[in-house]
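Q: My file is data-v9.cif. It has mmCIF, C-alpha atoms:
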data_work
loop_
_atom_site.label_atom_id
_atom_site.label_comp_id
_atom_site.auth_asym_id
_atom_site.auth_seq_id
_atom_site.Cartn_x
_atom_site.Cartn_y
_atom_site.Cartn_z
CA MET M 1 -33.24 -51.40 4.33
CA PRO M 2 -33.89 -54.72 2.56
CA MET M 3 -32.01 -57.62 4.14
CA ARG M 4 -29.90 -59.38 1.53
CA LEU M 5 -29.70 -62.67 3.45
CA LYS M 6 -33.22 -62.85 4.83
CA ASP M 7 -34.01 -66.29 6.31
CA LYS M 8 -30.70 -67.80 5.19
CA VAL M 9 -28.82 -70.14 7.52
CA ALA M 10 -25.11 -69.50 8.05
CA LEU M 11 -22.25 -71.13 9.92
CA VAL M 12 -19.21 -69.07 10.89
CA THR M 13 -16.14 -70.90 12.15
CA GLY M 14 -14.10 -69.03 14.73
CA GLY M 15 -17.05 -66.74 15.37
CA GLY M 16 -16.39 -66.04 19.03
CA ARG M 17 -13.83 -63.29 18.59
CA GLY M 18 -11.92 -61.15 16.13
CA ILE M 19 -13.10 -60.89 12.54
CA GLY M 20 -15.44 -63.85 13.01
CA ARG M 21 -17.65 -62.11 15.55
CA HIS M 22 -18.16 -59.15 13.21
CA ILE M 23 -19.04 -61.48 10.36
CA ALA M 24 -21.59 -63.37 12.47
CA LEU M 25 -23.27 -60.16 13.63
CA ARG M 26 -23.38 -58.66 10.13
CA LEU M 27 -24.91 -61.83 8.68
CA ALA M 28 -27.64 -61.56 11.32
CA ASP M 29 -28.17 -57.88 10.50
CA GLU M 30 -28.78 -58.98 6.91
CA GLY M 31 -31.43 -61.48 8.03
CA ALA M 32 -29.53 -64.74 8.51
CA ASP M 33 -29.73 -67.26 11.34
CA VAL M 34 -26.22 -68.16 12.51
CA LEU M 35 -24.40 -71.06 14.11
CA VAL M 36 -21.39 -69.49 15.83
CA ASN M 37 -18.57 -72.03 16.02
CA TYR M 38 -15.70 -71.65 18.46
CA ALA M 39 -12.72 -73.65 19.68
CA SER M 40 -11.81 -71.87 22.92
CA SER M 41 -13.73 -68.55 22.96
CA ARG M 42 -16.87 -69.92 24.59
CA ALA M 43 -17.85 -66.73 26.41
CA GLY M 44 -17.38 -64.65 23.28
CA ALA M 45 -19.36 -67.04 21.09
CA GLU M 46 -22.24 -67.22 23.56
CA GLU M 47 -22.28 -63.43 23.81
CA ILE M 48 -22.46 -63.14 20.01
CA ALA M 49 -25.26 -65.74 19.90
CA ASP M 50 -27.17 -63.72 22.51
CA GLN M 51 -26.75 -60.56 20.45
CA ILE M 52 -27.98 -62.33 17.32
CA ARG M 53 -31.07 -63.60 19.11
CA ALA M 54 -31.69 -60.04 20.35
CA LYS M 55 -31.85 -59.02 16.68
CA GLY M 56 -34.73 -61.46 16.19
CA ARG M 57 -32.68 -64.17 14.49
CA ARG M 58 -31.94 -67.73 15.61
CA ALA M 59 -28.43 -68.50 16.88
CA THR M 60 -26.44 -71.33 18.41
CA ALA M 61 -22.95 -71.17 19.92
CA LEU M 62 -21.19 -74.51 19.47
CA ARG M 63 -17.71 -75.74 20.26
CA ALA M 64 -15.97 -77.89 17.65
CA ASN M 65 -12.35 -78.44 16.66
CA ILE M 66 -12.53 -78.08 12.89
CA ALA M 67 -9.27 -80.05 12.53
CA GLN M 68 -11.10 -83.21 13.69
CA ARG M 69 -13.46 -84.94 11.24
CA ASP M 70 -15.71 -86.37 13.95
CA GLU M 71 -16.20 -82.95 15.55
CA VAL M 72 -16.91 -81.35 12.16
CA ASP M 73 -19.51 -84.04 11.42
CA ALA M 74 -21.12 -83.55 14.82
CA MET M 75 -21.24 -79.78 14.31
CA PHE M 76 -23.07 -80.10 11.00
CA GLU M 77 -25.48 -82.63 12.50
CA ARG M 78 -26.28 -80.08 15.19
CA LEU M 79 -26.69 -77.41 12.52
CA VAL M 80 -29.31 -79.51 10.74
CA ASP M 81 -31.07 -80.30 14.02
CA ASP M 82 -31.26 -76.62 14.99
CA PHE M 83 -31.79 -74.93 11.63
CA GLY M 84 -32.72 -77.61 9.11
CA ARG M 85 -30.17 -76.70 6.44
CA ILE M 86 -27.20 -74.51 5.54
CA ASP M 87 -27.04 -71.73 2.93
CA ILE M 88 -23.78 -69.97 3.83
CA LEU M 89 -20.50 -71.26 5.24
CA VAL M 90 -17.81 -68.82 6.30
CA ASN M 91 -14.45 -70.53 6.85
CA ASN M 92 -12.90 -67.99 9.19
CA SER M 93 -11.14 -70.01 11.91
CA ALA M 94 -7.32 -69.93 11.75
CA ILE M 95 -4.16 -69.75 13.82
CA ASP M 96 -1.06 -67.74 12.92
CA PRO M 97 1.91 -68.60 15.16
CA VAL M 98 5.27 -67.02 14.38
CA ILE M 99 7.79 -69.89 14.15
CA PRO M 100 11.27 -69.56 12.60
CA PHE M 101 11.57 -72.05 9.75
CA LEU M 102 14.68 -73.79 11.10
CA ASP M 103 13.05 -74.25 14.50
CA MET M 104 9.70 -75.53 13.26
CA THR M 105 8.64 -79.02 14.32
CA ASP M 106 6.44 -81.36 12.31
CA GLU M 107 3.81 -81.06 15.03
CA GLN M 108 3.74 -77.26 14.73
CA TRP M 109 3.47 -77.45 10.93
CA ASP M 110 0.69 -80.04 11.12
CA ARG M 111 -1.36 -78.02 13.61
CA VAL M 112 -1.39 -74.90 11.42
CA ILE M 113 -2.18 -76.83 8.24
CA ASP M 114 -4.79 -78.99 9.95
CA ILE M 115 -6.75 -76.02 11.32
CA ASN M 116 -6.30 -73.46 8.56
CA LEU M 117 -6.35 -75.62 5.43
CA LYS M 118 -7.67 -79.08 6.27
CA GLY M 119 -10.33 -77.64 8.56
CA SER M 120 -11.63 -75.41 5.78
CA TYR M 121 -11.67 -78.38 3.42
CA MET M 122 -13.63 -80.58 5.84
CA CYS M 123 -16.15 -77.88 6.73
CA SER M 124 -16.61 -76.97 3.07
CA GLN M 125 -17.17 -80.58 2.07
CA ALA M 126 -19.71 -81.13 4.85
CA ALA M 127 -21.56 -77.92 3.97
CA ALA M 128 -21.51 -78.64 0.22
CA LYS M 129 -22.96 -82.12 0.72
CA LEU M 130 -25.88 -80.67 2.65
CA MET M 131 -26.39 -77.98 0.01
CA VAL M 132 -26.43 -80.58 -2.77
CA GLU M 133 -28.83 -82.83 -0.84
CA ALA M 134 -31.15 -79.83 -0.44
CA GLY M 135 -31.26 -79.32 -4.21
CA GLY M 136 -28.20 -77.16 -4.79
CA GLY M 137 -27.38 -73.52 -4.36
CA GLY M 138 -25.39 -71.92 -1.58
CA ASN M 139 -22.27 -69.97 -0.78
CA ILE M 140 -18.91 -70.80 0.74
CA VAL M 141 -16.77 -67.82 1.73
CA ILE M 142 -13.18 -68.42 2.77
CA ILE M 143 -11.27 -65.87 4.83
CA GLY M 144 -7.77 -65.77 3.40
CA SER M 145 -4.81 -63.54 4.17
CA MET M 146 -2.41 -61.20 2.40
CA HIS M 147 0.27 -63.59 3.72
CA SER M 148 -0.76 -65.84 0.86
CA MET M 149 0.90 -63.33 -1.50
CA ALA M 150 3.55 -61.56 0.58
CA THR M 151 4.65 -62.51 4.05
CA PHE M 152 7.12 -61.99 6.91
CA PRO M 153 9.90 -64.16 8.37
CA GLY M 154 8.57 -66.85 10.69
CA MET M 155 5.23 -67.19 8.90
CA LEU M 156 6.00 -70.20 6.69
CA ALA M 157 3.22 -72.49 7.92
CA TYR M 158 0.61 -69.74 8.05
CA ALA M 159 1.52 -68.36 4.63
CA SER M 160 1.51 -71.85 3.14
CA SER M 161 -1.92 -72.62 4.59
CA LYS M 162 -3.37 -69.35 3.31
CA GLY M 163 -1.81 -69.83 -0.12
CA GLY M 164 -3.48 -73.22 -0.19
CA LEU M 165 -6.83 -71.58 0.57
CA ASN M 166 -6.46 -69.37 -2.52
CA ALA M 167 -5.97 -72.47 -4.67
CA MET M 168 -8.76 -74.29 -2.84
CA THR M 169 -11.13 -71.43 -3.64
CA ARG M 170 -10.53 -71.76 -7.37
CA ALA M 171 -10.60 -75.57 -7.48
CA MET M 172 -13.64 -75.93 -5.25
CA ALA M 173 -15.51 -73.31 -7.25
CA LEU M 174 -15.11 -75.45 -10.37
CA ASP M 175 -16.22 -78.66 -8.66
CA LEU M 176 -19.27 -77.04 -7.09
CA ALA M 177 -20.40 -74.77 -9.94
CA PRO M 178 -22.67 -77.47 -11.46
CA TYR M 179 -24.59 -77.45 -8.16
CA ARG M 180 -24.95 -73.64 -8.15
CA ILE M 181 -22.70 -73.36 -5.10
CA ARG M 182 -20.41 -70.36 -5.30
CA VAL M 183 -17.01 -70.33 -3.59
CA ASN M 184 -15.05 -67.13 -3.01
CA CYS M 185 -12.23 -65.85 -0.82
CA VAL M 186 -12.02 -62.56 1.07
CA ILE M 187 -8.45 -61.52 1.84
CA PRO M 188 -8.09 -59.13 4.79
CA GLY M 189 -5.16 -56.78 5.09
CA SER M 190 -4.05 -55.36 8.43
CA ILE M 191 -7.17 -55.64 10.58
CA HIS M 192 -7.61 -54.41 14.14
CA VAL M 193 -8.40 -57.45 16.32
CA GLU M 194 -8.45 -57.95 20.07
CA LYS M 195 -5.71 -60.57 20.20
CA ALA M 196 -3.12 -58.05 19.03
CA TYR M 197 -3.17 -56.55 22.52
CA GLU M 198 -2.32 -59.97 23.93
CA VAL M 199 0.72 -60.70 21.75
CA ILE M 200 2.24 -57.30 20.87
CA PRO M 201 3.75 -55.20 23.69
CA ASP M 202 2.44 -51.60 23.69
CA TYR M 203 0.19 -52.38 20.72
CA ASP M 204 -1.12 -49.31 18.91
CA PRO M 205 -3.67 -50.12 16.16
CA HIS M 206 -2.66 -46.99 14.28
CA MET M 207 1.09 -47.57 14.22
CA ILE M 208 1.07 -48.58 10.55
CA ASP M 209 -1.64 -46.25 9.25
CA ASP M 210 0.93 -44.32 7.21
CA GLN M 211 1.93 -47.51 5.38
CA ILE M 212 -1.61 -48.19 4.15
CA ALA M 213 -2.77 -46.47 0.98
CA LEU M 214 -6.13 -45.44 2.46
CA GLY M 215 -4.40 -44.16 5.59
CA ARG M 216 -5.98 -46.38 8.22
CA ILE M 217 -5.99 -49.89 9.59
CA GLY M 218 -8.98 -52.07 8.72
CA TYR M 219 -11.72 -53.16 11.10
CA GLY M 220 -13.90 -56.23 11.42
CA PRO M 221 -16.94 -54.57 9.79
CA ASP M 222 -14.83 -53.91 6.66
CA ILE M 223 -14.35 -57.65 6.22
CA ALA M 224 -17.91 -58.50 7.26
CA ALA M 225 -19.29 -56.22 4.53
CA ALA M 226 -17.24 -58.04 1.89
CA VAL M 227 -18.44 -61.43 3.19
CA VAL M 228 -22.06 -60.32 2.96
CA PHE M 229 -21.48 -59.18 -0.62
CA MET M 230 -19.96 -62.53 -1.60
CA ALA M 231 -22.76 -64.46 0.11
CA SER M 232 -25.57 -62.40 -1.40
CA SER M 233 -27.21 -62.26 -4.81
CA ASP M 234 -25.22 -59.08 -5.46
CA ALA M 235 -22.34 -61.44 -6.29
CA ALA M 236 -24.47 -63.92 -8.24
CA TYR M 237 -21.94 -64.02 -11.10
CA VAL M 238 -18.85 -64.26 -8.90
CA THR M 239 -17.18 -67.57 -8.06
CA GLY M 240 -13.59 -68.72 -7.70
CA ALA M 241 -12.58 -65.14 -6.92
CA THR M 242 -10.28 -63.63 -4.32
CA LEU M 243 -11.09 -60.13 -3.08
CA ASN M 244 -8.44 -58.05 -1.34
CA VAL M 245 -9.93 -55.95 1.45
CA ASP M 246 -6.68 -54.33 2.57
CA GLY M 247 -6.85 -50.57 2.10
CA GLY M 248 -4.45 -50.86 -0.82
CA VAL M 249 -1.61 -52.63 1.01
CA MET M 250 -1.01 -55.21 -1.72
CA ALA M 251 -1.14 -52.54 -4.44
CA ARG M 252 2.14 -51.04 -3.20
CA MET M 253 5.62 -52.31 -4.06
CA ALA M 254 7.56 -53.65 -1.10
CA LEU M 255 10.19 -50.91 -1.38
CA TRP M 256 9.06 -47.88 0.58
CA PHE M 257 9.92 -44.33 -0.47
CA ASP M 258 9.12 -41.32 1.68
CA ASP M 259 8.07 -39.06 -1.18
CA LEU M 260 7.58 -38.86 -4.92
CA GLU M 261 10.80 -36.90 -5.39
CA THR M 262 12.82 -39.86 -4.10
CA VAL M 263 11.06 -42.19 -6.54
CA GLU M 264 11.65 -39.83 -9.48
CA ARG M 265 15.33 -39.43 -8.59
CA LYS M 266 15.82 -43.19 -8.40
CA TYR M 267 14.35 -43.83 -11.83
CA ASP M 268 15.94 -40.79 -13.47
CA ASN M 269 19.30 -42.35 -12.65
#
Could you express the structure from this file as structure tokens?

A:
Amino acid sequence: MPMRLKDKVALVTGGGRGIGRHIALRLADEGADVLVNYASSRAGAEEIADQIRAKGRRATALRANIAQRDEVDAMFERLVDDFGRIDILVNNSAIDPVIPFLDMTDEQWDRVIDINLKGSYMCSQAAAKLMVEAGGGGNIVIIGSMHSMATFPGMLAYASSKGGLNAMTRAMALDLAPYRIRVNCVIPGSIHVEKAYEVIPDYDPHMIDDQIALGRIGYGPDIAAAVVFMASSDAAYVTGATLNVDGGVMARMALWFDDLETVERKYDN
């Protein structure tokens, strides 16, 4: 099969685990060299880098806190040293603590916004500057969340940060269009990730299958495929867009009815 990203250079934030690791591996499958960023998942990031190199592509695993400007700058300097340029940035890194609104501290709010929103801004700006210096062209893909459109109690900071990413996608796309840099957002639905086993007692990845229109939870490769599309020439006329990859979750009204007869009875009355 032809590789849609042959010889491109990509950086994936939060690439050591979860959705990020699947994105990094899929980019390599499509021919890209990848810098795998991580904050705390060193072993996972190094394992992914090893797997990418085994595919015949170049890879570097690098720790950087994307909420700190100096660490972001150092990461992009290392990227240029190792790979010479950047063609694709995937802003994937995020945290999603559950914090009741009335209990939230300023420090907790700042940490979520700094990593999820400010971190994506700083990485995008650093990547875009390199793309412009290289003559223009490139792709920035932001990993959003359905919490930007509908959320749960206790998710104020996370939902706010992800809503901001939706707006950032549109605004950044306009600013960068003259330089032929496309900016798009992929919005995952309920995705099976390893950390769920760590935070949810008796976690069963299929416990909400019946609430998803397509009848199953999503997996990392589902999101990775959408990222590749957005980063490839297949999406050459797409910028400033948000793409729901959620199995139809956001297509359904919040009210849940067990069967069509119940819906018909409600509206007949």

Q: Evaluated on this file, the PyMOL selection byres ((chain M and resi 165) around 12) picks out some residues - which ones are they, written as a ChimeraX atom specification?

A: /M:91-92,94,113,115-121,124,141-149,158-164,166-173,183-187,240-242

Q: Please indicate the distance in Å from atom CA of M:Ala59 to atom CA of M:Val12, rounded to one decimal place.

A: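 Distance between the two atoms: 11.0 Å.
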
Q: Which protein, DNA or RNA residues are at most 12 Å from (-14.8, -58.8, 6.1) in the file's coordinates when you count only C-alpha atoms, listed as a VMD selection string?

A: chain M and resid 18 to 27 90 to 92 141 to 145 185 to 192 218 to 231 243 to 246

Q: So what do you get for atom CA of M:Ala128 versus atom CA of M:Leu176, distance-wise?

A: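 A separation of 7.8 Å between them.
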
Q: Just the number, please: distance in Å from atom CA of M:Val34 to atom CA of M:Gly15, one decimal.

A: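 Between atom CA of M:Val34 and atom CA of M:Gly15 the gap is 9.7 Å.
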
Q: Which is closer to M:Asp110 than all the others in M:Ala157, M:Leu174, M:Ile181, M:Met122, using only C-alpha atoms?

A: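 When distances to M:Asp110 are compared using only C-alpha atoms, the smallest one comes from M:Ala157.
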
Q: For M:Arg180, work out the shell of residues within 12 Å, counting only C-alpha atoms and skipping chain neighbours fewer than 5 positions away, then give it as a PyMOL selection string.

A: chain M and resi 87+128+131-132+134-140+172-175+236-239

Q: Hey, what's within 12 Å of M:Val36 if we count all atoms listed in the file and toss same-chain stuff fewer than 4 positions away? As a PyMOL selection string, please?

A: chain M and resi 9-17+20-25+27-28+32+41-53+58-64+75-76+78-79+89-93

Q: Please put the answer as lines of an AutoDock Vina configuration file: centre and edge lengths, in Å with one decimal, of a box along x, y and z that encloses all listed atoms of stretch 232-244 of chain M plus 3 Å on each side.

A:
center_x = -17.8
center_y = -63.4
center_z = -6.2
size_x = 24.8
size_y = 16.7
size_z = 15.8

Q: Leaving out M:Val72 and any residue of its chain fewer than 5 positions from it, which residues lie within 8 Å of it when counting all atoms listed in the file, given as a list in words?

A: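 Counting all atoms listed in the file, the residues come to Ala64, Asn65, Ile66, Ala67, Met122, Cys123 and Ala126 of chain M.
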
Q: Name the residues in contact with M:Leu102 at a cut-off of 12 Å, using all atoms listed in the file, excluding same-chain residues fewer than 3 positions from it; report them as a ChimeraX atom specification.

A: /M:99,105-106,109,153-157

Q: Identify which of the residues M:Phe83, M:Tyr179, M:Tyr203, M:Phe152 lies closest to M:Asp7, counting only C-alpha atoms when measuring atom-to-atom distances.

A: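 Of M:Phe83, M:Tyr179, M:Tyr203, M:Phe152, the one nearest M:Asp7 is M:Phe83, counting only C-alpha atoms.
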
Q: Got a sec to resolve the PyMOL selection byres ((chain M and resi 213) around 9) on this structure and send the residues as JSON, numbers by chain?

A: {"M": [209, 210, 211, 212, 214, 215, 216, 246, 247, 248, 249, 251, 252]}
